[in-house]
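*Asks:* First the structure, then my questions, so here it is.
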Amino acid sequence: MPSRILATCLSLAAFALTTCAQPLPGTRPLVPPADPAAAMVAGLDRYLDRHRASLEAVRATAWSNPTNRTAHRARLRELHGVVDPRTSSALRFLSNPLTNTTGVPSLAVARGTGFQVYAVAWDVFRGVHGEGLLLVPDGPITADVIAVPDCDVTPEQWVGLAPGVNDANPLPRSLVAQGCRVLIPALIDRGNRFSGNPGVRSVKHSQRETLWRASYELGRHPLGYEIQRVLAAADALGTPAATPLILAGHGEGGVVALVAGALDERFRSVAVSGAFGLTARQPELPVYRNVWSILHTFTDAEIAALITPRTIVLEHGRYPEVTHTDAGGAAPGRLWRPTDAEFDSGIRRWEALTGKASVVSRPGVDAIFSEGTVRSLLSAGAPLKPAAAVPVRSEGCAAPDADARTLRLYREVLDDTQWLLREAQYTRADFWKGANFKSPAEFTRSVVPFRDRFRQEVTGEIPKPSLPPDPRSRLLFETNGIRGYEVQFDVHPDVFAWGTLILPAGMKPGERRAVVVCQHGLEGRPRDAADPWTDHGAYHRYAYRLAEQGYITFSPQNPYIGETKFRQVLRKAQPAGLTLWSFIVRQHEVITDWLAARGDVDPARIAFYGLSYGGKTAMRVPVLVDRYCLSICSADYNEWIWKVASARAPYSYLWNNEYDMPEWNLGNTYNYAEMSWMIFPRPFMVERGHDDGVAPDEWVAYEFARTRRHYVKMGMADRTEIEFFDGPHTIHGVGTFEFLRKHLK
């Protein structure tokens, strides 16, 4: 008896293996990777390595016409968010909080041999100000210099009024000894002591990362704010036309000086120390240096070329060496000293662009701003005077409180992003003035350029598939006449689409059914929606349940899986003008084309239904994939820009580990209502649980009112719905299933 049972079991096992190996008709047998989701993310990473290398030719084409310098400068300004008109102001000398022995308020913080040191401030725009130290020589002023230290060095440290910097020849004291008036702006450091919002959320990521997250969504950048502070300082100095205006920066200040010098031709000479030579490897840098699509047009060499023929000195000396980990939800990244080869590669590119021999200083790995750099900055042929001695604080006077100043500078920028956030609805309204809302036909025609911009400047676009889809499949299960298949398609080398196809029972020869593409959320897999035996708490087998109702369903794998791994793939994509959506759109085009070509599918009835991150997909992919005849956004739709950038809301992405959420300048162009307008006139629905922590009902209802008004005004009120239900972040599957029945017939 036991032997017969064993033989029977072996026979059944052999049958099961044979059955599961059977592919769908018209497909090859599939041998999937051990973990298809991980393989997908790794493949995108390899694709991006090749794509980034190909951008060298793209940049060469962009710079082949020397008359494009004005356009390049405008693009550089746009990408750094240097777009706000500045307030006209003069320097304000800040009174010292203490008094000297005479009882008269002291303006001078300190005095050195032949110069005085003042604490100063100046206006930039709105409530944003600049602050720092001003060194004024006692004699005639030979030049005005804005000297920007690395963000982890305070102006007081650079002058010598506070400990922490040990340089044999610090730049400010060397310059003031030559008769220069020197302004040293303070930057926001890389620490995290002021990050978060008291009473809302404490976080571990740096102040600079917080400002990147908030500003990037609104078309601004922390580097842009600091560039504006430097340009406003140049305004406030009021340098006479006959007096040279000079800019120098080290580390983070070097990045600011490089871009500010490229944007503003008032600077007769620019020195960059500890910053040149890293841009080409931008995805490895800290996220607060992440600049959207910059590699299409610029590396450090191209930015430096916008300074030429003015004097520019590039120094390969000391660089900040910093490592940010992903602890506490921060974005990992690092700064390092580039090798001689990396630095020289950028120099050769710059020389090729300008035809000018480079001015390069190599003071050694521990030095910044050599004497040769200072001489080149000042066009000084004669030997320089020795650097001035460290100044002495004025009697009874305290140096400025650097921590209090950093908090002010940080809060001013954060508060400005919140002002931009409040204004965003009006900025978007102005952006959409070019659309024609008179009739569905006229609107549909007029929305084409908005959809094109969405593709190019929000999602980014990779080329159309370069490989035939070559579908491969294998049977996963068969139960109650319903069959599930794992299917994989090629898109590009290393880029593939993959998911679970479920065929309902009772299909007749020649019959064409509607399809519902069921998209999982963050860290999800197709089985979460499609496995008939697993009732996942968020998905409730909704792809399988829809198959039970007679629909064909397909549950794709999307690449937002792998935590830091997929987010770092996105970091690699963004400087190249791409996002995860760039790949997801192409994957869905391949999937829907294959579905539409099947004899059992009605190509006019392919619907999309996604939960959570799949709901984000429901807002973006159907905008660009016309084969989707309707879209359902579950557990994600809300006032999206506030969700991403609000400093007040505890559920804001500003305060959690999802640094992948900001999308460049989205706040001024497309909120969720505007995305739904680009899905129009196709049906669109929102599914919302009252206890969903994504956002409050009020936000969801507010934004959906704009969607509904559009459909109503266009005479198509029956094509949009929202269902609120008493539940959490989950598929409810009541009103949405009815919506599918209504529109898919």
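Ordering of the structure tokens sets the chain letters (A, B, ...), residue numbers begin anew at 1 in every chain, and ligands are numbered from 1 in the order given.
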With only C-alpha atoms counted and 12 Å as the cut-off, give the residues of region 361-405 of chain A in contact with region 268-282 of chain A, each with its shortest interatomic distance in Å and the pair that gives it, as JSON lines.

*Replies:*
```
{"residue": "A:Ser361", "atom": "CA", "partner": "A:Ser273", "partner_atom": "CA", "distance": 8.9}
{"residue": "A:Arg362", "atom": "CA", "partner": "A:Ser273", "partner_atom": "CA", "distance": 9.7}
{"residue": "A:Pro363", "atom": "CA", "partner": "A:Ser273", "partner_atom": "CA", "distance": 10.0}
{"residue": "A:Gly364", "atom": "CA", "partner": "A:Gly274", "partner_atom": "CA", "distance": 10.9}
{"residue": "A:Val365", "atom": "CA", "partner": "A:Gly274", "partner_atom": "CA", "distance": 9.5}
{"residue": "A:Asp366", "atom": "CA", "partner": "A:Gly274", "partner_atom": "CA", "distance": 10.3}
{"residue": "A:Ala367", "atom": "CA", "partner": "A:Gly274", "partner_atom": "CA", "distance": 9.5}
{"residue": "A:Ile368", "atom": "CA", "partner": "A:Ser273", "partner_atom": "CA", "distance": 6.4}
{"residue": "A:Phe369", "atom": "CA", "partner": "A:Ser273", "partner_atom": "CA", "distance": 6.7}
{"residue": "A:Ser370", "atom": "CA", "partner": "A:Ser273", "partner_atom": "CA", "distance": 9.7}
{"residue": "A:Gly372", "atom": "CA", "partner": "A:Ala271", "partner_atom": "CA", "distance": 11.0}
{"residue": "A:Thr373", "atom": "CA", "partner": "A:Ala271", "partner_atom": "CA", "distance": 7.3}
{"residue": "A:Val374", "atom": "CA", "partner": "A:Ala271", "partner_atom": "CA", "distance": 8.4}
{"residue": "A:Arg375", "atom": "CA", "partner": "A:Ala271", "partner_atom": "CA", "distance": 10.8}
{"residue": "A:Ser376", "atom": "CA", "partner": "A:Ser269", "partner_atom": "CA", "distance": 8.4}
{"residue": "A:Leu377", "atom": "CA", "partner": "A:Ser269", "partner_atom": "CA", "distance": 5.8}
{"residue": "A:Leu378", "atom": "CA", "partner": "A:Ser269", "partner_atom": "CA", "distance": 7.9}
{"residue": "A:Ser379", "atom": "CA", "partner": "A:Ser269", "partner_atom": "CA", "distance": 8.9}
```

*Asks:* So which bits of region 426-597 of chain A end up strand (DSSP E or B) when you DSSP the backbone, as JSON, numbers by chain?

*Replies:* {"A": [472, 473, 474, 475, 476, 477, 478, 479, 482, 483, 484, 485, 486, 487, 488, 489, 490, 491, 492, 495, 496, 497, 498, 499, 500, 501, 502, 503, 513, 514, 515, 516, 517, 518, 519, 552, 553, 554, 555, 556]}

*Asks:* Which residue is closest to Tyr613 (chain A)? Choose from A:Ala62, A:Ala162, A:Ala635, A:Ile141 and count only C-alpha atoms.

*Replies:*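 Going through A:Ala62, A:Ala162, A:Ala635, A:Ile141 one by one, the smallest distance to Tyr613 (chain A) is for A:Ala635.
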
*Asks:* Which residues are near Ala673 (chain A)? Cut-off 8 Å, only C-alpha atoms, ignore same chain within fewer than 5 positions. Put them as a PyMOL selection string.

*Replies:* chain A and resi 703-704+706-707

*Asks:* When DSSP works through the backbone of this structure, what residues of region 200-255 of chain A end up as alpha helix (DSSP H), shown as an mmCIF file with C-alpha atoms, in the first residue's frame?

*Replies:*
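Writing done, so here's result-v9.cif:
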```cif
data_model
loop_
_atom_site.group_PDB
_atom_site.id
_atom_site.type_symbol
_atom_site.label_atom_id
_atom_site.label_comp_id
_atom_site.auth_asym_id
_atom_site.auth_seq_id
_atom_site.Cartn_x
_atom_site.Cartn_y
_atom_site.Cartn_z
ATOM 1 C CA GLN A 207 18.363 70.145 6.585
ATOM 2 C CA ARG A 208 19.645 70.311 3.015
ATOM 3 C CA GLU A 209 17.772 67.124 2.078
ATOM 4 C CA THR A 210 14.582 68.441 3.666
ATOM 5 C CA LEU A 211 14.847 71.616 1.592
ATOM 6 C CA TRP A 212 15.533 69.583 -1.556
ATOM 7 C CA ARG A 213 12.394 67.491 -0.996
ATOM 8 C CA ALA A 214 10.204 70.551 -0.415
ATOM 9 C CA SER A 215 11.630 72.758 -3.168
ATOM 10 C CA TYR A 216 12.134 70.198 -5.977
ATOM 11 C CA PRO A 222 18.375 74.447 -2.249
ATOM 12 C CA LEU A 223 21.349 75.264 -4.484
ATOM 13 C CA GLY A 224 19.122 77.745 -6.302
ATOM 14 C CA TYR A 225 18.202 79.499 -3.067
ATOM 15 C CA GLU A 226 21.886 79.810 -2.168
ATOM 16 C CA ILE A 227 22.738 81.038 -5.657
ATOM 17 C CA GLN A 228 20.012 83.666 -5.266
ATOM 18 C CA ARG A 229 21.502 84.696 -1.917
ATOM 19 C CA VAL A 230 24.882 85.182 -3.610
ATOM 20 C CA LEU A 231 23.405 87.120 -6.528
ATOM 21 C CA ALA A 232 21.424 89.277 -4.099
ATOM 22 C CA ALA A 233 24.657 89.906 -2.172
ATOM 23 C CA ALA A 234 26.223 91.143 -5.408
ATOM 24 C CA ASP A 235 23.212 93.432 -5.851
ATOM 25 C CA ALA A 236 23.535 94.728 -2.299
ATOM 26 C CA LEU A 237 27.269 95.435 -2.528
ATOM 27 C CA GLU A 252 29.299 73.374 -1.426
ATOM 28 C CA GLY A 253 30.208 77.037 -1.809
ATOM 29 C CA GLY A 254 32.231 76.035 -4.862
ATOM 30 C CA VAL A 255 29.139 74.532 -6.500
#
```

*Asks:* Might you pull out every residue within 8 Å of Pro172 (chain A), with only C-alpha atoms counted and same-chain residues fewer than 2 positions away left off, and present them as number ranges by chain?

*Replies:* A: 135, 147, 158-159, 170, 174-176, 182, 184

*Asks:* Could you turn the residues from that selection into a file that holds N, CA and C atoms, as a CSV table (one decimal), in the first residue's frame?

*Replies:*
```csv
chain,number,residue,atom,x,y,z
A,135,LEU,N,34.2,91.8,5.5
A,135,LEU,CA,35.5,92.3,5.9
A,135,LEU,C,35.8,93.6,5.0
A,147,ALA,N,33.1,85.5,-1.1
A,147,ALA,CA,33.8,84.3,-0.9
A,147,ALA,C,32.9,83.3,-0.1
A,158,TRP,N,35.9,80.6,9.0
A,158,TRP,CA,36.8,80.9,7.8
A,158,TRP,C,37.6,82.2,8.1
A,159,VAL,N,37.1,83.1,8.9
A,159,VAL,CA,37.9,84.3,9.2
A,159,VAL,C,38.9,84.0,10.3
A,170,PRO,N,44.1,81.3,4.7
A,170,PRO,CA,42.7,81.3,4.4
A,170,PRO,C,42.3,82.4,3.5
A,174,SER,N,43.5,86.7,3.1
A,174,SER,CA,44.5,86.9,2.1
A,174,SER,C,43.9,88.0,1.1
A,175,LEU,N,42.6,88.0,0.9
A,175,LEU,CA,42.0,89.0,0.0
A,175,LEU,C,41.9,90.3,0.6
A,176,VAL,N,41.6,90.4,1.9
A,176,VAL,CA,41.4,91.7,2.5
A,176,VAL,C,42.8,92.4,2.6
A,182,VAL,N,35.5,92.0,1.3
A,182,VAL,CA,35.1,90.5,1.2
A,182,VAL,C,33.8,90.2,2.0
A,184,ILE,N,31.3,87.2,3.1
A,184,ILE,CA,31.3,85.8,3.3
A,184,ILE,C,29.9,85.4,3.7
```

*Asks:* Considering only C-alpha atoms, tabulate each residue of region 542-660 of chain A that lies at most 12 Å from region 79-93 of chain A along with its nearest interatomic pair and the corresponding distance in Å to one decimal; arrange the rows by chain and ascending residue number and present them as CSV.

*Replies:*
```
residue,atom,partner,partner_atom,distance
A:Gln574,CA,A:Leu79,CA,11.8
A:Pro575,CA,A:Leu79,CA,10.3
A:Gly577,CA,A:Leu79,CA,10.9
```

*Asks:* Convert the current residue selection to file output with C-alpha atoms, as a compact mmCIF listing (two decimals), in the first residue's frame.

*Replies:*
```txt
# COMPACT_ATOMS: atom_id res chain seq x y z
CA GLN A 574 16.63 61.90 -12.53
CA PRO A 575 19.82 63.78 -13.57
CA GLY A 577 15.81 63.45 -17.24
```

*Asks:* Could you list, as a PDB file with C-alpha atoms, in the first residue's frame, every residue within 12 Å of Pro29 (chain A), counting only C-alpha atoms and ignoring same-chain residues fewer than 2 positions away?

*Replies:*
```
ATOM      1  CA  THR A  18       4.281  18.982 -16.975  1.00  0.00           C
ATOM      2  CA  THR A  19       1.122  21.101 -16.776  1.00  0.00           C
ATOM      3  CA  CYS A  20       2.867  24.050 -15.161  1.00  0.00           C
ATOM      4  CA  ALA A  21       5.460  23.991 -17.913  1.00  0.00           C
ATOM      5  CA  GLN A  22       2.782  24.494 -20.572  1.00  0.00           C
ATOM      6  CA  PRO A  23       2.978  28.007 -22.034  1.00  0.00           C
ATOM      7  CA  LEU A  24       0.126  30.043 -23.471  1.00  0.00           C
ATOM      8  CA  PRO A  25      -0.497  29.425 -27.164  1.00  0.00           C
ATOM      9  CA  GLY A  26       1.689  31.777 -29.176  1.00  0.00           C
ATOM     10  CA  THR A  27       4.329  32.127 -26.446  1.00  0.00           C
ATOM     11  CA  VAL A  31      12.109  30.098 -17.273  1.00  0.00           C
ATOM     12  CA  PRO A  32      11.847  33.078 -14.906  1.00  0.00           C
ATOM     13  CA  ASP A 470       9.064  37.666 -27.495  1.00  0.00           C
ATOM     14  CA  PRO A 471       6.386  36.654 -24.950  1.00  0.00           C
ATOM     15  CA  ARG A 472       7.277  33.742 -22.665  1.00  0.00           C
ATOM     16  CA  SER A 473       4.833  32.153 -20.264  1.00  0.00           C
ATOM     17  CA  ARG A 474       4.134  29.293 -17.907  1.00  0.00           C
ATOM     18  CA  LEU A 475       0.992  28.087 -16.173  1.00  0.00           C
ATOM     19  CA  TYR A 485      -0.093  32.383 -16.254  1.00  0.00           C
ATOM     20  CA  GLU A 486       3.195  34.088 -15.533  1.00  0.00           C
ATOM     21  CA  VAL A 487       4.187  36.103 -18.624  1.00  0.00           C
ATOM     22  CA  GLN A 488       7.352  37.997 -19.511  1.00  0.00           C
ATOM     23  CA  PHE A 489       8.141  40.377 -22.414  1.00  0.00           C
TER      24      PHE A 489
END
```
